[in-house]
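Below is protein_18.cif, which holds mmCIF, C-alpha atoms.
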data_data
loop_
_atom_site.label_atom_id
_atom_site.label_comp_id
_atom_site.auth_asym_id
_atom_site.auth_seq_id
_atom_site.Cartn_x
_atom_site.Cartn_y
_atom_site.Cartn_z
CA MET A 177 12.06 27.59 43.24
CA ARG A 178 8.48 28.49 42.39
CA ASN A 179 9.60 30.99 39.75
CA GLN A 180 11.91 28.41 38.16
CA LEU A 181 9.05 25.92 37.98
CA LEU A 182 6.82 28.49 36.29
CA ILE A 183 9.55 29.29 33.74
CA LEU A 184 10.05 25.57 33.01
CA ILE A 185 6.30 25.04 32.47
CA THR A 186 6.15 28.09 30.17
CA VAL A 187 9.11 26.90 28.05
CA LEU A 188 7.63 23.40 27.73
CA SER A 189 4.26 24.86 26.73
CA LEU A 190 5.88 27.06 24.07
CA ASN A 191 7.86 24.12 22.67
CA LEU A 192 4.75 21.96 22.59
CA GLY A 193 2.82 24.71 20.87
CA LEU A 194 5.57 25.15 18.27
CA SER A 195 5.71 21.41 17.57
CA GLN A 196 1.94 21.31 17.18
CA GLU A 197 2.03 24.22 14.74
CA GLN A 198 4.75 22.76 12.51
CA THR A 199 4.01 23.65 8.91
CA TYR A 200 4.98 21.36 6.04
CA SER A 201 5.95 22.77 2.67
CA PHE A 202 6.55 20.66 -0.44
CA THR A 203 7.31 20.76 -4.11
CA LEU A 204 5.76 17.83 -5.96
CA ASP A 205 9.02 15.86 -5.97
CA GLU A 206 9.56 16.56 -2.27
CA ALA A 207 6.00 15.42 -1.53
CA ILE A 208 6.61 12.16 -3.39
CA GLN A 209 9.85 11.46 -1.53
CA PHE A 210 8.21 12.28 1.80
CA ALA A 211 5.30 9.95 1.03
CA LEU A 212 7.61 7.08 0.06
CA GLU A 213 8.96 7.17 3.60
CA ASN A 214 5.83 8.08 5.57
CA ASN A 215 2.80 6.86 3.63
CA TYR A 216 1.01 4.10 5.54
CA ALA A 217 1.06 1.64 2.64
CA ALA A 218 4.76 2.35 1.97
CA ILE A 219 5.63 1.71 5.63
CA ASN A 220 3.85 -1.66 5.56
CA ALA A 221 5.53 -2.54 2.25
CA ASN A 222 8.91 -2.11 3.95
CA ARG A 223 7.71 -4.33 6.76
CA ASP A 224 6.69 -6.95 4.22
CA ILE A 225 10.28 -7.05 2.95
CA ILE A 226 11.57 -7.72 6.47
CA ASP A 227 8.85 -10.32 6.97
CA ALA A 228 9.88 -12.06 3.72
CA GLN A 229 13.52 -12.18 4.86
CA ASN A 230 12.47 -13.73 8.16
CA GLN A 231 10.25 -16.21 6.33
CA LYS A 232 13.22 -17.20 4.17
CA TRP A 233 15.32 -18.00 7.23
CA GLU A 234 12.36 -19.78 8.83
CA THR A 235 12.24 -22.09 5.80
CA ILE A 236 16.00 -22.69 5.76
CA ALA A 237 16.17 -23.29 9.51
CA GLY A 238 13.58 -26.08 9.19
CA GLY A 239 16.25 -28.33 7.66
CA LEU A 240 18.99 -27.48 10.17
CA PRO A 241 19.61 -29.32 13.47
CA GLN A 242 16.82 -28.93 16.03
CA ILE A 243 17.26 -29.53 19.76
CA ASN A 244 14.31 -29.94 22.09
CA GLY A 245 14.26 -30.69 25.78
CA SER A 246 11.56 -32.19 27.96
CA VAL A 247 11.07 -32.75 31.66
CA GLY A 248 8.48 -35.19 33.01
CA TYR A 249 7.34 -35.78 36.58
CA GLN A 250 5.02 -38.59 37.72
CA ASN A 251 3.48 -39.32 41.08
CA GLN A 252 1.67 -42.66 41.12
CA LEU A 253 -1.04 -41.97 43.67
CA LYS A 254 -2.13 -45.60 43.39
CA GLN A 255 0.73 -47.75 42.18
CA PRO A 256 0.01 -50.53 39.71
CA VAL A 257 0.47 -54.06 41.02
CA THR A 258 1.84 -57.03 39.08
CA LEU A 259 1.17 -60.66 40.09
CA LEU A 260 4.17 -63.01 40.08
CA PRO A 261 4.13 -66.81 40.61
CA ALA A 262 4.68 -67.46 44.30
CA GLU A 263 7.04 -70.33 43.57
CA LEU A 264 9.67 -67.79 42.44
CA VAL A 265 10.16 -66.86 46.07
CA GLY A 266 9.61 -70.33 47.53
CA GLY A 267 5.84 -70.25 47.64
CA ALA A 268 3.37 -72.90 46.61
CA ALA A 269 2.88 -73.64 42.94
CA GLY A 270 -0.22 -72.13 41.43
CA GLU A 271 -0.28 -69.18 43.82
CA PHE A 272 0.61 -65.59 43.05
CA ILE A 273 2.04 -62.74 45.06
CA PRO A 274 1.42 -59.00 44.35
CA VAL A 275 4.57 -57.03 43.47
CA VAL A 276 5.17 -53.27 42.91
CA PHE A 277 8.16 -52.79 40.64
CA SER A 278 9.05 -49.10 41.13
CA GLN A 279 8.88 -46.27 43.58
CA PRO A 280 5.80 -44.02 43.33
CA GLN A 281 7.53 -40.80 42.19
CA SER A 282 9.81 -40.33 39.18
CA LEU A 283 11.49 -37.43 37.39
CA THR A 284 12.85 -37.68 33.84
CA ALA A 285 14.82 -35.08 31.82
CA THR A 286 15.56 -35.66 28.13
CA ALA A 287 17.23 -33.67 25.31
CA THR A 288 16.69 -34.72 21.66
CA LEU A 289 18.68 -33.66 18.61
CA THR A 290 16.91 -34.16 15.25
CA GLN A 291 18.43 -33.63 11.83
CA GLN A 292 16.69 -33.76 8.49
CA ILE A 293 18.81 -35.74 6.04
CA PHE A 294 16.63 -35.74 2.95
CA ASP A 295 13.23 -34.19 2.22
CA GLY A 296 12.29 -33.14 -1.31
CA SER A 297 9.72 -30.61 -0.09
CA TYR A 298 12.42 -28.87 1.97
CA ILE A 299 14.69 -28.53 -1.06
CA VAL A 300 11.84 -27.04 -3.10
CA GLY A 301 10.91 -24.73 -0.23
CA VAL A 302 14.45 -23.34 -0.01
CA GLN A 303 14.50 -22.78 -3.78
CA ALA A 304 11.14 -21.00 -3.57
CA THR A 305 12.37 -18.48 -0.99
CA LYS A 306 14.28 -16.61 -3.69
CA ALA A 307 11.09 -16.26 -5.73
CA PHE A 308 9.19 -15.10 -2.65
CA LEU A 309 11.79 -12.42 -1.90
CA SER A 310 11.55 -11.29 -5.53
CA TYR A 311 7.76 -11.06 -5.23
CA SER A 312 8.04 -9.01 -2.02
CA ALA A 313 10.49 -6.60 -3.67
CA ASN A 314 8.27 -6.22 -6.73
CA ASN A 315 5.21 -5.73 -4.55
CA LYS A 316 7.07 -2.98 -2.68
CA GLU A 317 7.90 -1.34 -6.00
CA LYS A 318 4.23 -1.60 -7.02
CA THR A 319 3.20 0.04 -3.76
CA GLU A 320 5.71 2.87 -4.27
CA LEU A 321 4.38 3.53 -7.78
CA ASP A 322 0.82 3.57 -6.45
CA VAL A 323 1.85 6.00 -3.71
CA ARG A 324 3.57 8.19 -6.27
CA LYS A 325 0.44 8.29 -8.44
CA GLN A 326 -1.74 8.97 -5.42
CA VAL A 327 0.44 11.91 -4.31
CA VAL A 328 0.59 13.41 -7.82
CA GLU A 329 -3.18 13.29 -8.15
CA ALA A 330 -3.75 14.71 -4.66
CA TYR A 331 -1.13 17.45 -5.18
CA GLY A 332 -2.72 18.43 -8.50
CA ASN A 333 -6.21 18.47 -6.98
CA VAL A 334 -5.07 20.85 -4.25
CA LEU A 335 -3.55 23.20 -6.85
CA LEU A 336 -6.75 22.92 -8.91
CA ALA A 337 -8.86 23.83 -5.89
CA GLU A 338 -6.60 26.78 -5.04
CA GLU A 339 -6.72 28.14 -8.59
CA SER A 340 -10.50 27.64 -8.71
CA VAL A 341 -10.89 29.71 -5.56
CA LYS A 342 -8.73 32.51 -6.99
CA ILE A 343 -10.64 32.62 -10.27
CA LEU A 344 -14.05 32.46 -8.61
CA GLU A 345 -13.11 35.22 -6.18
CA LYS A 346 -12.03 37.38 -9.13
CA ASN A 347 -15.24 36.58 -11.01
CA LYS A 348 -17.29 37.39 -7.93
CA ALA A 349 -15.57 40.78 -7.50
CA ASN A 350 -16.23 41.67 -11.15
CA LEU A 351 -19.87 40.61 -10.88
CA GLU A 352 -20.38 42.58 -7.69
CA LYS A 353 -19.01 45.63 -9.44
CA ASN A 354 -21.29 45.07 -12.44
CA LEU A 355 -24.30 44.50 -10.22
CA TYR A 356 -23.58 47.64 -8.21
CA GLU A 357 -23.26 49.80 -11.34
CA THR A 358 -26.36 48.25 -12.96
CA THR A 359 -28.40 48.69 -9.78
CA LYS A 360 -27.45 52.36 -9.59
CA LEU A 361 -28.46 52.84 -13.23
CA TYR A 362 -31.79 51.13 -12.56
CA GLU A 363 -32.43 53.22 -9.46
CA ASN A 364 -31.76 56.37 -11.52
CA GLY A 365 -34.12 55.23 -14.26
CA LEU A 366 -31.35 54.52 -16.78
CA GLY A 367 -31.59 50.72 -16.74
CA ASP A 368 -34.11 47.92 -16.48
CA GLU A 369 -34.91 45.53 -13.65
CA GLU A 370 -34.21 42.45 -15.79
CA SER A 371 -30.55 43.41 -16.09
CA VAL A 372 -30.27 43.57 -12.32
CA ASP A 373 -31.98 40.20 -11.97
CA GLN A 374 -29.76 38.57 -14.58
CA LEU A 375 -26.60 39.74 -12.81
CA GLN A 376 -27.99 38.70 -9.44
CA ILE A 377 -28.65 35.17 -10.78
CA THR A 378 -25.10 34.93 -12.11
CA LEU A 379 -23.63 36.29 -8.87
CA SER A 380 -25.59 33.82 -6.73
CA SER A 381 -24.34 30.94 -8.89
CA ILE A 382 -20.72 32.11 -8.59
CA GLU A 383 -21.05 32.52 -4.82
CA ASN A 384 -22.29 28.93 -4.49
CA ARG A 385 -19.46 27.64 -6.65
CA LEU A 386 -16.97 29.64 -4.61
CA GLN A 387 -18.21 28.15 -1.32
CA ASN A 388 -18.00 24.69 -2.84
CA ALA A 389 -14.47 25.39 -4.09
CA LEU A 390 -13.42 26.51 -0.60
CA ARG A 391 -14.74 23.27 0.87
CA LEU A 392 -13.03 21.23 -1.85
CA LYS A 393 -9.77 23.05 -1.15
CA GLU A 394 -9.89 21.88 2.46
CA ILE A 395 -10.91 18.33 1.52
CA THR A 396 -8.22 17.94 -1.17
CA LEU A 397 -5.59 19.19 1.27
CA GLN A 398 -6.71 16.57 3.78
CA MET A 399 -6.51 13.91 1.05
CA LEU A 400 -2.95 15.02 0.30
CA ASN A 401 -2.04 14.82 4.00
CA VAL A 402 -3.35 11.26 4.16
CA SER A 403 -1.32 10.36 1.06
CA LEU A 404 1.78 11.85 2.67
CA GLY A 405 1.23 9.97 5.92
CA LEU A 406 0.57 13.19 7.86
CA ASP A 407 -2.18 14.01 10.29
CA LEU A 408 -5.44 14.82 8.51
CA ASN A 409 -5.39 18.48 9.56
CA ALA A 410 -1.63 19.11 9.46
CA PRO A 411 -0.81 22.58 8.05
CA THR A 412 0.62 21.83 4.59
CA GLN A 413 1.69 24.29 1.92
CA LEU A 414 2.41 23.67 -1.77
CA GLN A 415 5.36 25.43 -3.34
CA GLU A 416 4.41 24.95 -6.99
CA ASN A 417 2.04 26.71 -9.34
CA LEU A 418 -0.46 24.66 -11.35
CA GLU A 419 0.39 26.10 -14.76
CA ASP A 420 4.17 26.02 -14.18
CA LEU A 421 3.92 22.40 -13.05
CA THR A 422 1.85 21.58 -16.12
CA VAL A 423 4.38 23.13 -18.48
CA SER A 424 7.18 21.15 -16.79
CA LYS A 425 5.21 17.93 -17.45
CA MET A 426 4.82 18.61 -21.17
CA ASP A 427 7.51 16.53 -22.84
CA LEU A 428 6.53 14.66 -25.99
CA SER A 429 9.97 13.02 -26.17
CA ILE A 430 8.70 10.49 -23.62
CA LEU A 431 6.52 9.02 -26.37
CA SER A 432 9.63 7.71 -28.12
CA THR A 433 11.14 6.17 -24.96
CA ALA A 434 12.23 2.58 -25.55
CA PHE A 435 9.91 0.20 -23.71
CA ASN A 436 11.37 -2.84 -21.98
CA ILE A 437 8.44 -4.85 -20.69
CA SER A 438 10.70 -6.58 -18.15
CA ASP A 439 10.92 -3.22 -16.33
CA ASN A 440 7.15 -3.01 -15.94
CA VAL A 441 6.17 -3.92 -12.38
CA ASP A 442 2.90 -5.58 -13.37
CA TYR A 443 4.78 -7.85 -15.76
CA LYS A 444 7.31 -8.69 -13.05
CA LEU A 445 4.49 -9.63 -10.70
CA ALA A 446 3.01 -11.87 -13.41
CA GLU A 447 6.42 -13.54 -13.73
CA ASN A 448 6.45 -14.04 -9.95
CA LEU A 449 3.13 -15.85 -10.25
CA ASN A 450 4.70 -18.16 -12.83
CA GLU A 451 7.59 -18.92 -10.49
CA GLN A 452 5.20 -19.59 -7.63
CA ARG A 453 3.15 -22.04 -9.71
CA TYR A 454 6.34 -23.75 -10.92
CA TYR A 455 7.55 -24.38 -7.37
CA GLU A 456 4.09 -25.57 -6.34
CA TRP A 457 4.32 -28.12 -9.14
CA LYS A 458 7.78 -29.21 -7.99
CA LEU A 459 6.54 -29.43 -4.41
CA SER A 460 3.68 -31.69 -5.47
CA ARG A 461 6.11 -33.99 -7.31
CA SER A 462 8.51 -34.06 -4.35
CA ARG A 463 5.85 -35.64 -2.12
CA ALA A 464 6.41 -38.92 -3.99
CA LEU A 465 10.02 -39.06 -2.73
CA PRO A 466 11.08 -40.71 0.53
CA THR A 467 12.12 -38.66 3.55
CA LEU A 468 14.96 -39.52 5.91
CA ASN A 469 15.54 -38.01 9.36
CA ALA A 470 18.01 -38.85 12.11
CA PHE A 471 17.73 -38.29 15.84
CA VAL A 472 19.74 -38.84 18.97
CA ASN A 473 18.58 -38.22 22.51
CA TYR A 474 20.06 -38.29 25.96
CA GLY A 475 18.08 -38.47 29.19
CA SER A 476 18.28 -39.25 32.86
CA SER A 477 15.66 -40.58 35.28
CA SER A 478 15.39 -40.76 39.03
CA TYR A 479 12.90 -42.53 41.34
CA SER A 480 11.95 -41.85 44.92
CA GLU A 481 9.33 -42.46 47.61
CA SER A 482 8.89 -38.65 48.04
CA PHE A 483 9.75 -35.50 46.10
CA ASP A 484 13.38 -35.18 47.17
CA PHE A 485 15.06 -35.20 43.74
CA PHE A 486 16.93 -31.96 44.39
CA SER A 487 17.98 -32.69 47.95
CA GLY A 488 20.21 -35.34 49.39
CA ASP A 489 21.97 -37.57 46.89
CA PRO A 490 19.34 -39.20 44.62
CA GLU A 491 20.48 -41.79 42.15
CA TRP A 492 20.03 -40.92 38.45
CA PHE A 493 19.91 -43.44 35.60
CA ASP A 494 21.10 -42.27 32.18
CA SER A 495 19.81 -43.39 28.79
CA SER A 496 20.52 -42.51 25.16
CA ILE A 497 19.06 -43.50 21.78
CA LEU A 498 20.32 -43.02 18.22
CA GLY A 499 17.86 -43.65 15.42
CA PHE A 500 16.70 -42.99 11.87
CA ASP A 501 13.22 -42.47 10.43
CA LEU A 502 12.72 -43.41 6.79
CA ASN A 503 9.30 -42.69 5.33
CA ILE A 504 8.62 -44.20 1.89
CA PRO A 505 5.41 -43.22 0.04
CA ILE A 506 4.14 -46.41 -1.61
CA PHE A 507 0.52 -46.06 -2.64
CA SER A 508 -1.92 -43.13 -2.26
CA SER A 509 -4.75 -44.31 -4.51
CA LEU A 510 -3.53 -41.81 -7.16
CA LYS A 511 -4.01 -38.88 -4.75
CA ARG A 512 -0.48 -37.59 -5.31
CA SER A 513 -0.85 -38.01 -9.07
CA ALA A 514 -4.05 -35.94 -9.08
CA SER A 515 -2.39 -33.25 -6.95
CA THR A 516 0.57 -33.09 -9.36
CA GLN A 517 -1.73 -32.82 -12.36
CA ARG A 518 -3.63 -29.96 -10.74
CA ALA A 519 -0.37 -28.16 -10.03
CA LYS A 520 0.67 -28.69 -13.65
CA ILE A 521 -2.62 -27.19 -14.87
CA ALA A 522 -2.15 -24.19 -12.56
CA LEU A 523 1.34 -23.69 -14.03
CA GLU A 524 0.01 -23.77 -17.59
CA LYS A 525 -2.69 -21.26 -16.65
CA ALA A 526 -0.05 -18.96 -15.15
CA LYS A 527 1.94 -19.10 -18.40
CA THR A 528 -1.19 -18.11 -20.33
CA GLN A 529 -1.84 -15.28 -17.88
CA LEU A 530 1.72 -14.05 -18.39
CA THR A 531 1.18 -13.87 -22.14
CA GLU A 532 -2.12 -12.07 -21.59
CA ALA A 533 -0.47 -9.65 -19.13
CA GLU A 534 2.17 -8.78 -21.72
CA GLN A 535 -0.47 -7.96 -24.33
CA GLN A 536 -2.54 -5.98 -21.83
CA ILE A 537 0.47 -3.94 -20.72
CA ARG A 538 1.43 -3.10 -24.30
CA LEU A 539 -2.16 -2.03 -24.94
CA GLN A 540 -2.11 0.09 -21.77
CA LEU A 541 1.08 1.73 -23.03
CA GLU A 542 -0.51 2.73 -26.32
CA ASN A 543 -3.58 4.05 -24.53
CA ALA A 544 -1.41 5.99 -22.08
CA LYS A 545 0.55 7.56 -24.94
CA ASN A 546 -2.67 8.53 -26.69
CA ASP A 547 -4.19 9.92 -23.47
CA TYR A 548 -1.06 11.96 -22.74
CA THR A 549 -0.98 13.40 -26.28
CA LEU A 550 -4.69 14.17 -26.07
CA ALA A 551 -4.23 15.85 -22.67
CA ILE A 552 -1.57 18.17 -24.10
CA ASN A 553 -3.75 18.98 -27.11
CA ASN A 554 -6.72 19.65 -24.86
CA TYR A 555 -4.58 21.93 -22.73
CA GLU A 556 -3.49 23.97 -25.74
CA THR A 557 -7.09 24.13 -26.99
CA ALA A 558 -8.45 25.09 -23.56
CA LYS A 559 -5.82 27.82 -23.27
CA GLN A 560 -6.86 29.30 -26.62
CA ASN A 561 -10.53 28.95 -25.77
CA LEU A 562 -9.95 30.77 -22.49
CA LEU A 563 -8.34 33.70 -24.32
CA LEU A 564 -11.25 33.81 -26.77
CA SER A 565 -13.82 33.61 -23.98
CA GLU A 566 -12.11 36.40 -22.08
CA ARG A 567 -12.12 38.52 -25.23
CA ILE A 568 -15.81 37.78 -25.90
CA GLU A 569 -16.78 38.51 -22.32
CA ASN A 570 -14.79 41.75 -22.33
CA LYS A 571 -16.46 42.90 -25.57
CA ASN A 572 -19.88 42.11 -24.14
CA GLN A 573 -19.02 44.08 -21.03
CA ILE A 574 -18.23 47.12 -23.20
CA LYS A 575 -21.35 46.62 -25.33
CA TYR A 576 -23.51 46.21 -22.23
CA LYS A 577 -22.21 49.43 -20.70
CA GLU A 578 -22.84 51.22 -23.98
CA GLY A 579 -26.31 49.76 -24.27
CA LEU A 580 -25.48 47.65 -27.34
CA ALA A 581 -25.93 44.29 -25.61
CA THR A 582 -28.59 42.91 -23.31
CA SER A 583 -28.00 41.52 -19.83
CA PHE A 584 -28.93 38.08 -21.18
CA GLU A 585 -26.17 38.28 -23.81
CA LEU A 586 -23.71 39.41 -21.14
CA ARG A 587 -24.71 36.50 -18.90
CA GLN A 588 -24.18 34.04 -21.77
CA ALA A 589 -20.68 35.43 -22.35
CA GLN A 590 -19.90 35.25 -18.63
CA THR A 591 -21.21 31.70 -18.31
CA GLN A 592 -19.10 30.65 -21.29
CA LEU A 593 -16.06 32.27 -19.69
CA TYR A 594 -16.59 30.49 -16.38
CA THR A 595 -16.95 27.15 -18.17
CA THR A 596 -13.74 27.62 -20.17
CA GLN A 597 -11.90 28.68 -17.02
CA GLN A 598 -12.76 25.38 -15.33
CA GLU A 599 -11.96 23.42 -18.50
CA PHE A 600 -8.56 25.09 -18.62
CA LEU A 601 -7.80 24.21 -14.99
CA GLN A 602 -8.96 20.64 -15.49
CA SER A 603 -6.87 20.28 -18.66
CA MET A 604 -3.73 21.16 -16.68
CA VAL A 605 -4.46 18.52 -14.05
CA GLU A 606 -5.05 15.98 -16.84
CA VAL A 607 -1.62 16.69 -18.35
CA ILE A 608 0.04 16.08 -14.96
CA ASN A 609 -1.92 12.89 -14.24
CA LYS A 610 -1.58 11.38 -17.73
CA LYS A 611 2.16 12.01 -17.72
CA THR A 612 2.37 10.12 -14.42
CA ASP A 613 0.31 7.21 -15.80
CA LEU A 614 2.67 6.91 -18.76
CA GLU A 615 5.77 7.09 -16.55
CA ILE A 616 4.44 4.31 -14.33
CA ILE A 617 3.92 1.97 -17.28
CA LEU A 618 7.39 2.78 -18.61
CA ASN A 619 8.75 2.68 -15.04
CA THR A 620 10.57 5.95 -15.55
CA LYS A 621 10.67 9.04 -13.36
CA SER A 622 10.57 12.61 -14.63
#
Before we go any further, please render this structure as structure tokens.
Amino acid sequence: MRNQLLILITVLSLNLGLSQEQTYSFTLDEAIQFALENNYAAINANRDIIDAQNQKWETIAGGLPQINGSVGYQNQLKQPVTLLPAELVGGAAGEFIPVVFSQPQSLTATATLTQQIFDGSYIVGVQATKAFLSYSANNKEKTELDVRKQVVEAYGNVLLAEESVKILEKNKANLEKNLYETTKLYENGLGDEESVDQLQITLSSIENRLQNALRLKEITLQMLNVSLGLDLNAPTQLQENLEDLTVSKMDLSILSTAFNISDNVDYKLAENLNEQRYYEWKLSRSRALPTLNAFVNYGSSSYSESFDFFSGDPEWFDSSILGFDLNIPIFSSLKRSASTQRAKIALEKAKTQLTEAEQQIRLQLENAKNDYTLAINNYETAKQNLLLSERIENKNQIKYKEGLATSFELRQAQTQLYTTQQEFLQSMVEVINKKTDLEIILNTKS
């Protein structure tokens, strides 16, 4: 039995360890799909949809039959006394006798059915539920687009950090080799101390940048995990290469994509605001209409000297009422009129904001197209500059070894190379991000 228990504990420990070490691996598209299901904002956006559906039924149910019950118990510790003329019971005229009309304890149970017959605000509220559901759906779409953008940027930053580490490690290895060779030449009297110092300065700078890149790699991976809805330190791997991903995002045909502003989520949200203001205006006007409600109740009461309503055979007295409540607004000192005018002004402002939103979105589209085109051009330029910088640095390496270039000239060529390397990496991330920005405005997916 003891051995079986030990085996069971060992198996459970291994399974727990395996679950804790689960590694996630994503392409960019897989990361986006995963985030749309697990990102914290996306989860709450789905909950908002369910909440909106419940709110719709809550509004509708307000105009349907409502039944409420009540139970009341009273114990008159000191019963009220009423004075009656004594002559009613044969007494002398002008005298009064004290009378108690009921028993001290009573129990009453009542059920009431109410039904709204006409209420203008209810009609407007039911009409507005459709607009509210539309807003919730559009807000969910907005959240999904924001999540998509967030994941793309985080994914690209991780790839950028990884490529930066690789390049800096390669640069460091080359510098260490140069420094070693130059130091040996100096020690043998074939070089100068300045050359050693220049290379040491460059190496120290690269080492600092490498340490920073390693820290950024960890931080960007944590940012990606948060975007995906994973634990901060979950082991996550990326399946794509930065340059390959960049090339896949280079598609100038998107610039000629037909733009339907009704597909833009920001425009749809602006339309939702218009609908909301319209129904607020209708609601304000409806408050000038009468309201009519009906009710019917049924109850039963019992009276006793002591609390024995549920024992013996107490006598119960039934009662029932049918009635209508008609409320007619007559005069509010122009309060309702002022409220309606304010709602009308809010509606007109919303219409102006919709027109402004349309112009802003079209301007954003043109800017996004320009930024995407510029990003591609910058990528091509950075790629050519990197080749030129590598060629210049390589020539200076040869000249330096042959004694035709100084260590200062070599350091300049190396510094220029390192700068163009980072510019090239950044240009690739820009292509990816700007393509995503354009797709979001067009509401298309690559």
Set the distance at 12 Å and use all atoms listed in the file: which residues neighbour range 387-397 of chain A once local chain neighbours fewer than 2 positions away are removed? I'd like the list as a PDB file with C-alpha atoms, keeping the file's coordinate frame.
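Output below, filename result-v2.pdb:
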ATOM      1  CA  TYR A 200       4.980  21.360   6.040  1.00  0.00           C
ATOM      2  CA  GLN A 326      -1.740   8.970  -5.420  1.00  0.00           C
ATOM      3  CA  VAL A 327       0.440  11.910  -4.310  1.00  0.00           C
ATOM      4  CA  VAL A 328       0.590  13.410  -7.820  1.00  0.00           C
ATOM      5  CA  GLU A 329      -3.180  13.290  -8.150  1.00  0.00           C
ATOM      6  CA  ALA A 330      -3.750  14.710  -4.660  1.00  0.00           C
ATOM      7  CA  TYR A 331      -1.130  17.450  -5.180  1.00  0.00           C
ATOM      8  CA  GLY A 332      -2.720  18.430  -8.500  1.00  0.00           C
ATOM      9  CA  ASN A 333      -6.210  18.470  -6.980  1.00  0.00           C
ATOM     10  CA  VAL A 334      -5.070  20.850  -4.250  1.00  0.00           C
ATOM     11  CA  LEU A 335      -3.550  23.200  -6.850  1.00  0.00           C
ATOM     12  CA  LEU A 336      -6.750  22.920  -8.910  1.00  0.00           C
ATOM     13  CA  ALA A 337      -8.860  23.830  -5.890  1.00  0.00           C
ATOM     14  CA  GLU A 338      -6.600  26.780  -5.040  1.00  0.00           C
ATOM     15  CA  GLU A 339      -6.720  28.140  -8.590  1.00  0.00           C
ATOM     16  CA  SER A 340     -10.500  27.640  -8.710  1.00  0.00           C
ATOM     17  CA  VAL A 341     -10.890  29.710  -5.560  1.00  0.00           C
ATOM     18  CA  LYS A 342      -8.730  32.510  -6.990  1.00  0.00           C
ATOM     19  CA  ILE A 343     -10.640  32.620 -10.270  1.00  0.00           C
ATOM     20  CA  LEU A 344     -14.050  32.460  -8.610  1.00  0.00           C
ATOM     21  CA  GLU A 345     -13.110  35.220  -6.180  1.00  0.00           C
ATOM     22  CA  LYS A 348     -17.290  37.390  -7.930  1.00  0.00           C
ATOM     23  CA  SER A 380     -25.590  33.820  -6.730  1.00  0.00           C
ATOM     24  CA  SER A 381     -24.340  30.940  -8.890  1.00  0.00           C
ATOM     25  CA  ILE A 382     -20.720  32.110  -8.590  1.00  0.00           C
ATOM     26  CA  GLU A 383     -21.050  32.520  -4.820  1.00  0.00           C
ATOM     27  CA  ASN A 384     -22.290  28.930  -4.490  1.00  0.00           C
ATOM     28  CA  ARG A 385     -19.460  27.640  -6.650  1.00  0.00           C
ATOM     29  CA  MET A 399      -6.510  13.910   1.050  1.00  0.00           C
ATOM     30  CA  LEU A 400      -2.950  15.020   0.300  1.00  0.00           C
ATOM     31  CA  ASN A 401      -2.040  14.820   4.000  1.00  0.00           C
ATOM     32  CA  VAL A 402      -3.350  11.260   4.160  1.00  0.00           C
ATOM     33  CA  SER A 403      -1.320  10.360   1.060  1.00  0.00           C
ATOM     34  CA  LEU A 404       1.780  11.850   2.670  1.00  0.00           C
ATOM     35  CA  LEU A 406       0.570  13.190   7.860  1.00  0.00           C
ATOM     36  CA  ASP A 407      -2.180  14.010  10.290  1.00  0.00           C
ATOM     37  CA  LEU A 408      -5.440  14.820   8.510  1.00  0.00           C
ATOM     38  CA  ASN A 409      -5.390  18.480   9.560  1.00  0.00           C
ATOM     39  CA  ALA A 410      -1.630  19.110   9.460  1.00  0.00           C
ATOM     40  CA  PRO A 411      -0.810  22.580   8.050  1.00  0.00           C
ATOM     41  CA  THR A 412       0.620  21.830   4.590  1.00  0.00           C
ATOM     42  CA  GLN A 413       1.690  24.290   1.920  1.00  0.00           C
ATOM     43  CA  LEU A 414       2.410  23.670  -1.770  1.00  0.00           C
ATOM     44  CA  GLN A 598     -12.760  25.380 -15.330  1.00  0.00           C
TER      45      GLN A 598
END
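If you measure from each of A:Leu530, A:Leu593, A:Val302, A:Ala218 to Asp322 in chain A using all atoms listed in the file, the closest one turns out to be A:Ala218.
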Quick one: everything within 9 Å of Thr288 in chain A, counting all atoms listed in the file, minus sequence neighbours fewer than 3 positions away in the same chain. Send it as JSON, numbers by chain.
{"A": [242, 243, 244, 245, 246, 471, 472, 473, 474, 475]}
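For the structure in this document, the set picked by the PyMOL selection byres ((chain A and resi 608) around 10) is Val328, Glu329, Tyr331, Gly332, Leu418, Leu421, Thr422, Val423, Ser424, Lys425, Met426, Tyr548, Ala551, Ile552, Ser603, Met604, Val605, Glu606, Val607, Asn609, Lys610, Lys611, Thr612 and Asp613 of chain A.
By chain and then residue number, the residues within 8 Å of Leu562 in chain A are A:Ala558, A:Lys559, A:Gln560, A:Leu564, A:Ser565, A:Glu566, A:Leu593, A:Thr596, A:Gln597, A:Phe600, counting all atoms listed in the file and disregarding those fewer than 2 positions away in sequence.
Nearest to Gln292 in chain A of all the residues A:Gln535, A:Thr557, A:Ser496, A:Asn469 is A:Asn469, counting all atoms listed in the file.
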Could you name the residues that touch Ser282 in chain A at 6 Å or less, counting all atoms listed in the file, but leaving out those on the same chain fewer than 6 positions away, as a list in words?
Tyr249, Gln250, Ser478 and Tyr479 of chain A
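Distance check against Ser495 in chain A using all atoms listed in the file: of A:Ala285, A:Ala522, A:Leu355, A:Leu212, the minimum falls on A:Ala285.
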Name the residues that the PyMOL selection byres ((chain A and resi 254) around 12) pulls out of this structure, and write them as a PyMOL selection string.
chain A and resi 250-253+255-257+276+278-281
Translate the PyMOL selection byres ((chain A and resi 260) around 12) into a concrete residue list for this structure, as a ChimeraX atom specification.
/A:257-259,261-277
